[in-house]
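Colleague: Please find protein.cif (mmCIF, C-alpha atoms) on the next line:
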```cif
data_data
loop_
_atom_site.label_atom_id
_atom_site.label_comp_id
_atom_site.auth_asym_id
_atom_site.auth_seq_id
_atom_site.Cartn_x
_atom_site.Cartn_y
_atom_site.Cartn_z
CA MET A 1 -28.76 7.29 -24.07
CA PRO A 2 -26.98 5.67 -21.20
CA SER A 3 -27.54 1.96 -20.97
CA THR A 4 -29.13 0.58 -17.88
CA GLN A 5 -26.88 -2.42 -17.62
CA THR A 6 -23.49 -3.67 -18.67
CA PRO A 7 -23.99 -5.74 -21.81
CA PRO A 8 -23.50 -9.40 -20.90
CA ILE A 9 -21.07 -11.67 -22.64
CA ALA A 10 -22.87 -13.82 -25.17
CA GLY A 11 -22.74 -17.42 -24.09
CA ALA A 12 -21.37 -16.89 -20.62
CA ALA A 13 -23.19 -18.92 -18.00
CA ILE A 14 -22.87 -16.23 -15.35
CA ASP A 15 -21.76 -12.69 -16.04
CA PRO A 16 -21.51 -10.81 -12.75
CA PRO A 17 -20.98 -7.31 -14.17
CA SER A 18 -24.22 -7.48 -16.14
CA LEU A 19 -26.19 -8.25 -13.00
CA ARG A 20 -25.11 -5.14 -11.20
CA PRO A 21 -27.18 -1.96 -11.11
CA PRO A 22 -25.66 1.11 -12.80
CA ILE A 23 -23.66 3.44 -10.57
CA ASP A 24 -23.76 6.56 -12.70
CA ASP A 25 -24.94 7.68 -16.08
CA ALA A 26 -22.02 6.39 -18.09
CA PHE A 27 -22.47 4.75 -21.45
CA ILE A 28 -21.29 1.18 -21.00
CA GLU A 29 -20.19 -1.01 -23.86
CA ARG A 30 -18.36 -4.26 -24.24
CA VAL A 31 -15.87 -4.93 -27.02
CA GLU A 32 -13.80 -7.88 -28.07
CA PRO A 33 -10.04 -7.67 -27.46
CA GLU A 34 -9.37 -7.58 -31.24
CA ARG A 35 -11.70 -4.59 -31.71
CA LEU A 36 -10.54 -2.77 -28.58
CA ARG A 37 -7.86 -0.50 -29.99
CA ALA A 38 -9.97 0.50 -32.98
CA ARG A 39 -12.96 1.33 -30.79
CA LEU A 40 -10.88 3.38 -28.35
CA SER A 41 -9.32 5.30 -31.27
CA GLU A 42 -12.81 6.05 -32.54
CA LEU A 43 -13.88 7.30 -29.13
CA LYS A 44 -10.78 9.46 -28.84
CA ALA A 45 -11.52 10.96 -32.24
CA GLN A 46 -15.04 11.75 -31.03
CA GLY A 47 -13.62 13.89 -28.29
CA PHE A 48 -13.03 11.61 -25.30
CA SER A 49 -9.74 13.20 -24.46
CA VAL A 50 -9.40 11.95 -20.89
CA LEU A 51 -8.72 8.36 -19.92
CA LEU A 52 -9.59 8.46 -16.25
CA ASP A 53 -8.47 4.98 -15.34
CA VAL A 54 -7.97 1.47 -16.58
CA GLY A 55 -9.39 -1.02 -14.13
CA GLY A 56 -9.43 -4.78 -13.93
CA ALA A 57 -11.63 -7.44 -12.44
CA ASP A 58 -11.24 -11.17 -11.97
CA TYR A 59 -14.27 -13.42 -12.30
CA PRO A 60 -12.92 -16.96 -11.98
CA GLU A 61 -16.33 -18.51 -12.60
CA ARG A 62 -16.67 -16.93 -16.04
CA THR A 63 -14.96 -17.92 -19.28
CA PRO A 64 -13.19 -14.69 -20.21
CA ARG A 65 -11.75 -14.59 -16.74
CA PHE A 66 -10.58 -11.01 -16.59
CA ASP A 67 -12.40 -7.82 -17.42
CA VAL A 68 -10.38 -4.75 -18.30
CA VAL A 69 -12.40 -1.55 -18.00
CA TYR A 70 -11.48 1.75 -19.63
CA HIS A 71 -13.09 4.86 -18.14
CA LEU A 72 -13.23 7.72 -20.62
CA LEU A 73 -14.37 11.27 -20.11
CA LYS A 74 -15.35 13.92 -22.65
CA LEU A 75 -14.82 17.33 -21.16
CA PRO A 76 -17.44 20.03 -21.68
CA VAL A 77 -16.67 22.88 -24.04
CA ALA A 78 -14.98 25.68 -22.13
CA ARG A 79 -14.87 28.54 -24.57
CA ALA A 80 -15.84 31.98 -23.38
CA ASP A 81 -17.92 32.71 -26.48
CA ALA A 82 -19.89 29.47 -26.39
CA LYS A 83 -23.55 30.04 -25.64
CA GLU A 84 -23.86 26.98 -23.52
CA VAL A 85 -21.28 24.78 -21.91
CA GLY A 86 -21.84 21.14 -22.61
CA THR A 87 -21.97 18.46 -19.97
CA PRO A 88 -19.22 15.94 -19.37
CA VAL A 89 -19.89 12.58 -20.95
CA ARG A 90 -18.53 9.38 -19.48
CA VAL A 91 -18.02 6.10 -21.25
CA ARG A 92 -16.99 2.77 -19.80
CA VAL A 93 -15.53 0.23 -22.20
CA LEU A 94 -15.24 -3.36 -20.97
CA CYS A 95 -13.09 -6.00 -22.57
CA GLY A 96 -12.96 -9.63 -21.50
CA VAL A 97 -9.57 -11.30 -21.69
CA ASP A 98 -8.67 -14.85 -20.92
CA GLY A 99 -6.00 -17.43 -21.37
CA PRO A 100 -2.93 -18.63 -19.52
CA GLN A 101 -1.09 -15.45 -20.56
CA PRO A 102 -3.77 -12.84 -21.02
CA HIS A 103 -2.79 -9.86 -23.11
CA LEU A 104 -4.32 -6.77 -24.65
CA SER A 105 -2.96 -4.06 -26.86
CA SER A 106 -1.73 -1.00 -25.06
CA VAL A 107 -3.30 2.42 -25.58
CA MET A 108 -0.50 4.46 -24.08
CA ASP A 109 0.12 6.20 -27.38
CA LEU A 110 -3.49 7.42 -27.36
CA TRP A 111 -3.57 8.55 -23.74
CA LYS A 112 -0.45 9.06 -21.63
CA SER A 113 -2.35 8.14 -18.46
CA ALA A 114 -2.62 4.60 -19.73
CA ASP A 115 1.09 4.16 -19.05
CA TRP A 116 0.91 3.73 -15.30
CA ALA A 117 -2.65 2.40 -15.28
CA GLU A 118 -1.61 -0.52 -17.49
CA ARG A 119 1.45 -1.11 -15.35
CA GLU A 120 -0.86 -1.38 -12.35
CA ILE A 121 -3.10 -3.90 -14.15
CA PHE A 122 -0.04 -5.92 -15.12
CA ASP A 123 1.28 -5.80 -11.55
CA LEU A 124 -1.93 -6.88 -9.85
CA PHE A 125 -3.59 -9.15 -12.45
CA GLY A 126 -0.85 -10.29 -14.80
CA ILE A 127 -2.44 -9.02 -18.00
CA CYS A 128 0.31 -7.98 -20.43
CA PHE A 129 -0.13 -5.00 -22.71
CA ASP A 130 1.47 -5.37 -26.15
CA GLY A 131 3.15 -2.21 -27.26
CA HIS A 132 3.78 -0.87 -23.77
CA THR A 133 7.30 0.48 -23.67
CA ASP A 134 7.95 0.01 -19.96
CA LEU A 135 5.79 -2.79 -18.63
CA ARG A 136 7.05 -3.55 -15.13
CA ARG A 137 5.53 -3.66 -11.68
CA ILE A 138 4.50 -0.41 -10.13
CA GLN A 139 3.12 -1.09 -6.66
CA LEU A 140 4.90 -4.23 -5.52
CA PRO A 141 8.65 -4.77 -5.51
CA TYR A 142 9.92 -5.35 -9.03
CA ASP A 143 10.91 -8.93 -8.39
CA TRP A 144 7.64 -9.99 -6.73
CA GLU A 145 6.19 -13.29 -7.89
CA GLY A 146 2.47 -13.62 -8.32
CA HIS A 147 -0.38 -11.27 -9.08
CA PRO A 148 -2.17 -10.39 -5.86
CA LEU A 149 -5.58 -9.22 -7.05
CA ARG A 150 -6.33 -12.51 -8.73
CA LYS A 151 -8.91 -14.41 -6.76
CA ASP A 152 -6.63 -17.42 -6.29
CA TYR A 153 -3.90 -15.39 -4.57
CA PRO A 154 -3.95 -15.74 -0.76
CA THR A 155 -4.61 -12.55 1.17
CA ARG A 156 -1.69 -12.99 3.51
CA GLY A 157 0.70 -13.72 0.71
CA GLN A 158 2.18 -16.89 -0.66
CA ALA A 159 5.25 -16.76 1.55
CA ARG A 160 3.25 -16.81 4.75
CA GLU A 161 0.82 -19.43 3.50
CA ARG A 162 3.72 -21.75 2.78
CA SER A 163 5.57 -20.97 5.97
CA PRO A 164 5.54 -23.64 8.68
CA ARG A 165 5.72 -21.07 11.46
CA PRO A 166 2.29 -20.72 13.03
CA GLN A 167 2.69 -17.09 13.97
CA PHE A 168 3.09 -16.25 10.30
CA ALA A 169 -0.03 -18.15 9.33
CA ASN A 170 -2.44 -16.08 11.33
CA LYS A 171 -2.43 -13.66 14.15
CA MET A 172 -4.87 -15.39 16.45
CA ASN A 173 -2.19 -16.72 18.74
CA VAL A 174 -0.56 -13.34 19.42
CA GLN A 175 -1.70 -12.15 22.81
CA ALA A 176 -2.88 -8.62 23.10
CA GLY A 177 -0.30 -6.34 24.69
CA THR A 178 2.68 -8.59 23.97
CA PRO A 179 5.23 -7.15 21.60
CA PRO A 180 5.83 -9.61 18.78
CA SER A 181 9.44 -10.15 19.83
CA GLY A 182 8.51 -10.91 23.45
CA ARG A 183 10.54 -8.06 24.93
CA THR A 184 8.35 -6.35 27.51
CA LEU A 185 9.01 -3.51 29.89
CA GLU A 186 9.28 -5.95 32.80
CA ALA A 187 11.90 -8.01 30.99
CA LEU A 188 13.87 -4.85 30.36
CA GLN A 189 13.71 -3.88 34.00
CA GLU A 190 14.93 -7.36 34.94
CA GLN A 191 17.89 -6.84 32.64
CA VAL A 192 18.66 -3.50 34.26
CA LYS A 193 18.55 -5.09 37.71
CA LYS A 194 20.86 -7.88 36.61
CA ALA A 195 23.23 -5.41 35.01
CA ARG A 196 23.42 -3.47 38.26
CA GLY A 197 24.12 -6.69 40.13
CA GLN A 198 21.04 -6.64 42.35
CA MET C 199 10.24 8.30 9.45
CA GLY C 200 6.67 9.36 8.86
CA LEU C 201 5.23 6.80 6.52
CA ALA C 202 1.47 6.89 7.05
CA CYS C 203 -1.21 8.04 9.46
CA CYS C 204 1.00 7.78 12.55
CA ALA C 205 3.08 10.54 11.04
CA ILE C 206 0.22 12.92 11.78
CA GLU C 207 0.44 12.08 15.47
CA MET C 208 4.22 12.41 15.30
CA MET C 209 3.75 15.88 13.86
CA THR C 210 1.26 16.64 16.63
CA VAL C 211 3.88 15.71 19.20
CA THR C 212 5.97 18.59 17.95
CA SER C 213 3.10 21.01 18.40
CA ALA C 214 2.76 23.32 21.39
CA GLU C 215 0.28 21.19 23.31
CA TYR C 216 2.51 18.12 23.60
CA ASP C 217 5.87 19.59 22.70
CA ILE C 218 8.57 16.98 22.33
CA ALA C 219 11.13 19.80 22.32
CA ARG C 220 10.92 20.12 26.07
CA LEU C 221 12.30 16.58 26.32
CA GLY C 222 15.22 17.49 24.12
CA SER C 223 13.94 16.08 20.85
CA GLU C 224 13.63 19.41 19.15
CA VAL C 225 15.06 18.68 15.76
CA PHE C 226 13.89 16.10 13.27
CA ARG C 227 16.95 15.60 11.14
CA SER C 228 16.50 15.04 7.46
CA SER C 229 19.56 12.83 7.32
CA PRO C 230 20.09 9.54 9.16
CA ARG C 231 23.77 10.34 9.56
CA GLN C 232 22.91 13.01 12.12
CA ALA C 233 20.21 11.15 14.00
CA ASP C 234 20.29 9.10 17.19
CA LEU C 235 16.71 7.91 17.20
CA MET C 236 14.60 6.56 14.37
CA ILE C 237 10.85 6.66 14.88
CA VAL C 238 9.13 4.42 12.34
CA SER C 239 5.58 5.72 12.29
CA GLY C 240 3.22 4.04 9.94
CA ARG C 241 2.84 0.85 7.97
CA VAL C 242 5.92 -0.35 6.13
CA ALA C 243 5.28 -2.00 2.79
CA TRP C 244 7.62 -4.70 1.57
CA LYS C 245 8.66 -2.29 -1.17
CA MET C 246 9.71 0.25 1.46
CA ALA C 247 11.42 -2.27 3.76
CA PRO C 248 14.90 -2.12 2.14
CA VAL C 249 14.77 1.67 2.45
CA VAL C 250 14.01 1.49 6.18
CA LYS C 251 16.86 -0.99 6.63
CA ARG C 252 19.26 1.19 4.67
CA LEU C 253 18.36 4.28 6.71
CA TYR C 254 18.88 2.32 9.92
CA ASP C 255 22.27 1.12 8.68
CA GLN C 256 23.27 4.66 7.81
CA MET C 257 22.68 5.86 11.36
CA ALA C 258 25.80 6.00 13.51
CA ASP C 259 26.03 4.03 16.73
CA PRO C 260 24.62 4.42 19.35
CA LYS C 261 21.17 4.39 17.82
CA TRP C 262 17.71 3.59 19.01
CA VAL C 263 14.48 2.72 17.21
CA ILE C 264 10.93 3.45 18.28
CA SER C 265 8.26 1.45 16.50
CA MET C 266 5.27 3.77 16.62
CA GLY C 267 1.81 2.46 16.13
CA ALA C 268 0.26 -0.90 15.49
CA CYS C 269 1.36 -1.18 11.88
CA ALA C 270 5.04 -0.65 12.57
CA SER C 271 4.94 -2.94 15.60
CA SER C 272 3.07 -5.86 14.10
CA GLY C 273 1.48 -5.02 10.79
CA GLY C 274 -1.57 -3.58 12.51
CA ILE C 275 -4.88 -4.23 10.79
CA PHE C 276 -3.05 -4.97 7.53
CA ASP C 277 -2.65 -8.73 7.76
CA ASN C 278 -1.78 -9.11 4.08
CA TYR C 279 0.93 -9.73 1.54
CA ALA C 280 2.06 -6.15 1.11
CA VAL C 281 2.74 -4.96 4.68
CA VAL C 282 5.72 -5.94 6.82
CA GLN C 283 4.27 -7.69 9.86
CA GLY C 284 6.34 -5.78 12.37
CA ILE C 285 9.50 -3.84 11.63
CA ASP C 286 11.40 -5.92 14.17
CA THR C 287 11.73 -8.39 11.33
CA ILE C 288 14.02 -5.90 9.59
CA VAL C 289 15.50 -3.59 12.25
CA PRO C 290 16.01 -4.08 16.00
CA VAL C 291 13.45 -2.13 17.99
CA ASP C 292 13.87 -0.65 21.45
CA VAL C 293 10.40 0.61 22.28
CA TYR C 294 7.05 -0.29 20.77
CA VAL C 295 4.20 2.18 21.01
CA PRO C 296 0.78 0.55 20.62
CA GLY C 297 -2.16 2.44 19.19
CA CYS C 298 -3.80 3.20 15.92
CA PRO C 299 -2.63 5.87 16.04
CA PRO C 300 -1.08 6.21 19.49
CA THR C 301 -1.87 9.46 21.20
CA PRO C 302 1.02 11.92 21.21
CA ASP C 303 1.29 11.19 24.93
CA GLY C 304 2.16 7.62 23.99
CA LEU C 305 5.02 8.78 21.82
CA LEU C 306 6.23 11.11 24.56
CA TYR C 307 6.22 8.16 26.97
CA ALA C 308 8.20 6.15 24.43
CA VAL C 309 10.82 8.88 24.24
CA ASN C 310 10.89 8.88 28.04
CA LEU C 311 11.52 5.14 28.03
CA ILE C 312 14.32 5.58 25.52
CA GLN C 313 15.90 8.17 27.78
CA GLN C 314 15.54 5.76 30.69
CA GLN C 315 17.26 3.04 28.68
CA ILE C 316 20.04 5.41 27.79
CA ARG C 317 20.52 6.45 31.42
CA GLU C 318 20.68 2.91 32.65
CA GLY C 319 22.11 1.01 29.76
CA GLY C 320 24.38 2.93 27.54
CA ARG C 321 24.79 1.85 23.91
CA GLY C 322 21.74 1.61 21.79
CA GLY C 323 20.04 -1.70 21.48
CA ILE C 324 22.45 -3.74 23.53
CA LEU C 325 20.46 -3.61 26.74
CA ALA C 326 17.23 -4.50 25.01
CA ARG C 327 18.78 -7.22 22.91
CA SER C 328 20.90 -8.95 25.52
#
```
Please express what this file holds, its structure, as structure tokens.
Modeller:
Amino acid sequence: MPSTQTPPIAGAAIDPPSLRPPIDDAFIERVEPERLRARLSELKAQGFSVLLDVGGADYPERTPRFDVVYHLLKLPVARADAKEVGTPVRVRVLCGVDGPQPHLSSVMDLWKSADWAEREIFDLFGICFDGHTDLRRIQLPYDWEGHPLRKDYPTRGQARERSPRPQFANKMNVQAGTPPSGRTLEALQEQVKKARGQ
Amino acid sequence: MGLACCAIEMMTVTSAEYDIARLGSEVFRSSPRQADLMIVSGRVAWKMAPVVKRLYDQMADPKWVISMGACASSGGIFDNYAVVQGIDTIVPVDVYVPGCPPTPDGLLYAVNLIQQQIREGGRGGILARS
């Protein structure tokens, strides 16, 4: 039977995911990082052949700071001679990771789709996946520093936060209708007039 | 280069109702070596920025650049770490077209302005940059 709430972390003062109402009828369970690979192998053996996505979340006020969420799908039986076609079953497996260098074991040998999904988690959160054969950034440039979806990463980017130039800090002082370089149509027409010697 | 949503309006400009072909811009070349004008339509991510610069460098002089839309001109609504806040930080721009997206009429006007610059100025970019 689907659970009505995400199981909270024992001992955590606040656990935001457990306070949220359920979105769909997925079975939700929480495992420890050590048990994660075993549990996902069990679920795969039970027929959850599709890993839809691996997601991440950052809760800085909670002790296991990151949550890595595996979305699994069991497809209904699609045989012509089956009397009834089953219904798809969805499972969501949450795993809390923490530490200065958070890491989890990779499941890319169980599901190929975990390859890029784990690269995305590494890119945006900084969680390493042990056993991943090609763990590099996927959305940002390969030599980017920082993990943008962490809550302590500035929205505008670290370069612009550190920059002394005010127009990089925020856009409030850019007047509407002015091109950012200051070259307007009138300035261009002035140049044309000067070039013609008028 | 059609990067994002502005590319849809750039495609619309080639349709019968707006028809950029009647201004002479019939062909959209698939190679920068054969192009005179680069229209950057859409937001440019920092990951895409070296590609835009390389394509601009591969164009032969004289060359012109239209920055189409708010995102190419200034980053648009994407005031964040991933989007280049205006392609004039990486390539020199001759005409900016505001809008999100600009109407195809806006892009036609931009091509008109480029033609005006060419008639009065000559080599690409020099008049606007001087």
Colleague: Extract, using all atoms listed in the file, all DNA, RNA and protein residues at most 7 Å from segment 237-247 of chain C, discarding same-chain residues fewer than 5 positions from it, and format them as a list in words.
Modeller: Leu140 and Pro141 of chain A; Met199, Gly200, Leu201, Ala202, Cys203, Cys204, Ala205, Val263, Ile264, Ser265, Met266, Gly267, Cys269, Ala270, Gly273, Ala280, Val281 and Val282 of chain C
Colleague: Show me, as a short mmCIF file (atom, residue, chain, number, x, y, z; two decimals) with C-alpha atoms, keeping the file's coordinate frame, every residue of chain C with an atom at most 9 Å from chain A, counting all atoms listed in the file.
Modeller:
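The new file part.cif reads:
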```cif
data_model
loop_
_atom_site.label_atom_id
_atom_site.label_comp_id
_atom_site.auth_asym_id
_atom_site.auth_seq_id
_atom_site.Cartn_x
_atom_site.Cartn_y
_atom_site.Cartn_z
CA ALA C 243 5.28 -2.00 2.79
CA TRP C 244 7.62 -4.70 1.57
CA LYS C 245 8.66 -2.29 -1.17
CA MET C 246 9.71 0.25 1.46
CA SER C 271 4.94 -2.94 15.60
CA SER C 272 3.07 -5.86 14.10
CA ASP C 277 -2.65 -8.73 7.76
CA ASN C 278 -1.78 -9.11 4.08
CA TYR C 279 0.93 -9.73 1.54
CA ALA C 280 2.06 -6.15 1.11
CA GLN C 283 4.27 -7.69 9.86
CA GLY C 284 6.34 -5.78 12.37
CA ASP C 286 11.40 -5.92 14.17
CA THR C 287 11.73 -8.39 11.33
CA ASP C 292 13.87 -0.65 21.45
CA VAL C 293 10.40 0.61 22.28
CA TYR C 294 7.05 -0.29 20.77
CA PRO C 296 0.78 0.55 20.62
CA GLN C 315 17.26 3.04 28.68
CA GLU C 318 20.68 2.91 32.65
CA GLY C 319 22.11 1.01 29.76
CA LEU C 325 20.46 -3.61 26.74
CA ALA C 326 17.23 -4.50 25.01
CA ARG C 327 18.78 -7.22 22.91
CA SER C 328 20.90 -8.95 25.52
#
```
Colleague: Can you translate the PyMOL selection byres ((chain A and resi 32) around 12) into the concrete residues it hits in this file, as a list in words?
Modeller: Ile9, Ala10, Glu29, Arg30, Val31, Pro33, Glu34, Arg35, Leu36, Arg37, Ala38, Arg39, Leu40, Pro64, Asp67, Val68, Val69, Val93, Leu94, Cys95, Gly96, Val97, Asp98, Leu104 and Ser105 of chain A
Colleague: Specify as a PDB file with C-alpha atoms, keeping the file's coordinate frame each residue included when the PyMOL selection byres ((chain C and resi 257) around 8) is applied to this file.
Modeller:
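As a result, out27.pdb now contains:
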```
ATOM      1  CA  PRO C 230      20.090   9.540   9.160  1.00  0.00           C
ATOM      2  CA  ARG C 231      23.770  10.340   9.560  1.00  0.00           C
ATOM      3  CA  GLN C 232      22.910  13.010  12.120  1.00  0.00           C
ATOM      4  CA  ALA C 233      20.210  11.150  14.000  1.00  0.00           C
ATOM      5  CA  ASP C 234      20.290   9.100  17.190  1.00  0.00           C
ATOM      6  CA  LEU C 253      18.360   4.280   6.710  1.00  0.00           C
ATOM      7  CA  TYR C 254      18.880   2.320   9.920  1.00  0.00           C
ATOM      8  CA  ASP C 255      22.270   1.120   8.680  1.00  0.00           C
ATOM      9  CA  GLN C 256      23.270   4.660   7.810  1.00  0.00           C
ATOM     10  CA  ALA C 258      25.800   6.000  13.510  1.00  0.00           C
ATOM     11  CA  ASP C 259      26.030   4.030  16.730  1.00  0.00           C
ATOM     12  CA  LYS C 261      21.170   4.390  17.820  1.00  0.00           C
TER      13      LYS C 261
END
```
Colleague: Would you mind reading off the distance between atom CA of Leu73 of chain A and atom CA of Pro7 of chain A, one decimal, in Å?
Modeller: 19.6 Å
Colleague: Write out as a list in words each polymer residue whose atoms come within 9 Å of segment 57-60 of chain A, counting only C-alpha atoms; drop sequence neighbours fewer than 2 positions from it.
Modeller: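 With the cut-off at 9 Å, the set is Asp15, Pro16, Gly55, Arg62, Thr63, Pro64, Arg65, Phe66, Asp67, Val68, Val69, Phe125, Leu149, Arg150, Lys151 and Asp152 of chain A.
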Colleague: Please write the residues picked by the PyMOL selection byres ((chain C and resi 211) around 12) on this file as an NGL selection string.
Modeller: :C and (204-210 or 212-221 or 223-224 or 226 or 300-309)
Colleague: Taking N, CA and C atoms as the atom set, what does segment 53-70 of chain A look like once completed, written as a PDB file, in the frame of the given file?
Modeller:
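Below is the file result_8.pdb, written as the result:
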```
ATOM      1  N   ASP A  53      -9.120   6.102 -15.990  1.00  0.00           N
ATOM      2  CA  ASP A  53      -8.470   4.980 -15.340  1.00  0.00           C
ATOM      3  C   ASP A  53      -8.665   3.748 -16.204  1.00  0.00           C
ATOM      4  N   VAL A  54      -7.768   2.794 -16.023  1.00  0.00           N
ATOM      5  CA  VAL A  54      -7.970   1.470 -16.580  1.00  0.00           C
ATOM      6  C   VAL A  54      -8.082   0.540 -15.386  1.00  0.00           C
ATOM      7  N   GLY A  55      -9.198  -0.148 -15.282  1.00  0.00           N
ATOM      8  CA  GLY A  55      -9.390  -1.020 -14.130  1.00  0.00           C
ATOM      9  C   GLY A  55      -9.457  -2.460 -14.575  1.00  0.00           C
ATOM     10  N   GLY A  56      -9.354  -3.366 -13.617  1.00  0.00           N
ATOM     11  CA  GLY A  56      -9.430  -4.780 -13.930  1.00  0.00           C
ATOM     12  C   GLY A  56     -10.311  -5.488 -12.933  1.00  0.00           C
ATOM     13  N   ALA A  57     -10.826  -6.631 -13.344  1.00  0.00           N
ATOM     14  CA  ALA A  57     -11.630  -7.440 -12.440  1.00  0.00           C
ATOM     15  C   ALA A  57     -11.391  -8.899 -12.793  1.00  0.00           C
ATOM     16  N   ASP A  58     -11.476  -9.746 -11.783  1.00  0.00           N
ATOM     17  CA  ASP A  58     -11.240 -11.170 -11.970  1.00  0.00           C
ATOM     18  C   ASP A  58     -12.509 -11.921 -11.595  1.00  0.00           C
ATOM     19  N   TYR A  59     -13.092 -12.593 -12.556  1.00  0.00           N
ATOM     20  CA  TYR A  59     -14.270 -13.420 -12.300  1.00  0.00           C
ATOM     21  C   TYR A  59     -13.893 -14.854 -12.623  1.00  0.00           C
ATOM     22  N   PRO A  60     -13.425 -15.626 -11.641  1.00  0.00           N
ATOM     23  CA  PRO A  60     -12.920 -16.960 -11.980  1.00  0.00           C
ATOM     24  C   PRO A  60     -13.995 -17.911 -12.473  1.00  0.00           C
ATOM     25  N   GLU A  61     -15.283 -17.591 -12.175  1.00  0.00           N
ATOM     26  CA  GLU A  61     -16.330 -18.510 -12.600  1.00  0.00           C
ATOM     27  C   GLU A  61     -16.800 -18.255 -14.028  1.00  0.00           C
ATOM     28  N   ARG A  62     -16.198 -17.325 -14.709  1.00  0.00           N
ATOM     29  CA  ARG A  62     -16.670 -16.930 -16.040  1.00  0.00           C
ATOM     30  C   ARG A  62     -15.599 -17.265 -17.052  1.00  0.00           C
ATOM     31  N   THR A  63     -15.977 -17.456 -18.338  1.00  0.00           N
ATOM     32  CA  THR A  63     -14.960 -17.920 -19.280  1.00  0.00           C
ATOM     33  C   THR A  63     -13.930 -16.853 -19.642  1.00  0.00           C
ATOM     34  N   PRO A  64     -14.281 -15.646 -20.154  1.00  0.00           N
ATOM     35  CA  PRO A  64     -13.190 -14.690 -20.210  1.00  0.00           C
ATOM     36  C   PRO A  64     -12.955 -14.217 -18.781  1.00  0.00           C
ATOM     37  N   ARG A  65     -11.862 -14.713 -18.185  1.00  0.00           N
ATOM     38  CA  ARG A  65     -11.750 -14.590 -16.740  1.00  0.00           C
ATOM     39  C   ARG A  65     -11.602 -13.147 -16.270  1.00  0.00           C
ATOM     40  N   PHE A  66     -10.846 -12.375 -17.027  1.00  0.00           N
ATOM     41  CA  PHE A  66     -10.580 -11.010 -16.590  1.00  0.00           C
ATOM     42  C   PHE A  66     -11.419 -10.042 -17.398  1.00  0.00           C
ATOM     43  N   ASP A  67     -11.721  -8.941 -16.781  1.00  0.00           N
ATOM     44  CA  ASP A  67     -12.400  -7.820 -17.420  1.00  0.00           C
ATOM     45  C   ASP A  67     -11.488  -6.616 -17.263  1.00  0.00           C
ATOM     46  N   VAL A  68     -11.151  -5.980 -18.394  1.00  0.00           N
ATOM     47  CA  VAL A  68     -10.380  -4.750 -18.300  1.00  0.00           C
ATOM     48  C   VAL A  68     -11.301  -3.610 -18.687  1.00  0.00           C
ATOM     49  N   VAL A  69     -11.395  -2.612 -17.838  1.00  0.00           N
ATOM     50  CA  VAL A  69     -12.400  -1.550 -18.000  1.00  0.00           C
ATOM     51  C   VAL A  69     -11.683  -0.234 -18.242  1.00  0.00           C
ATOM     52  N   TYR A  70     -12.057   0.436 -19.312  1.00  0.00           N
ATOM     53  CA  TYR A  70     -11.480   1.750 -19.630  1.00  0.00           C
ATOM     54  C   TYR A  70     -12.532   2.807 -19.315  1.00  0.00           C
TER      55      TYR A  70
END
```
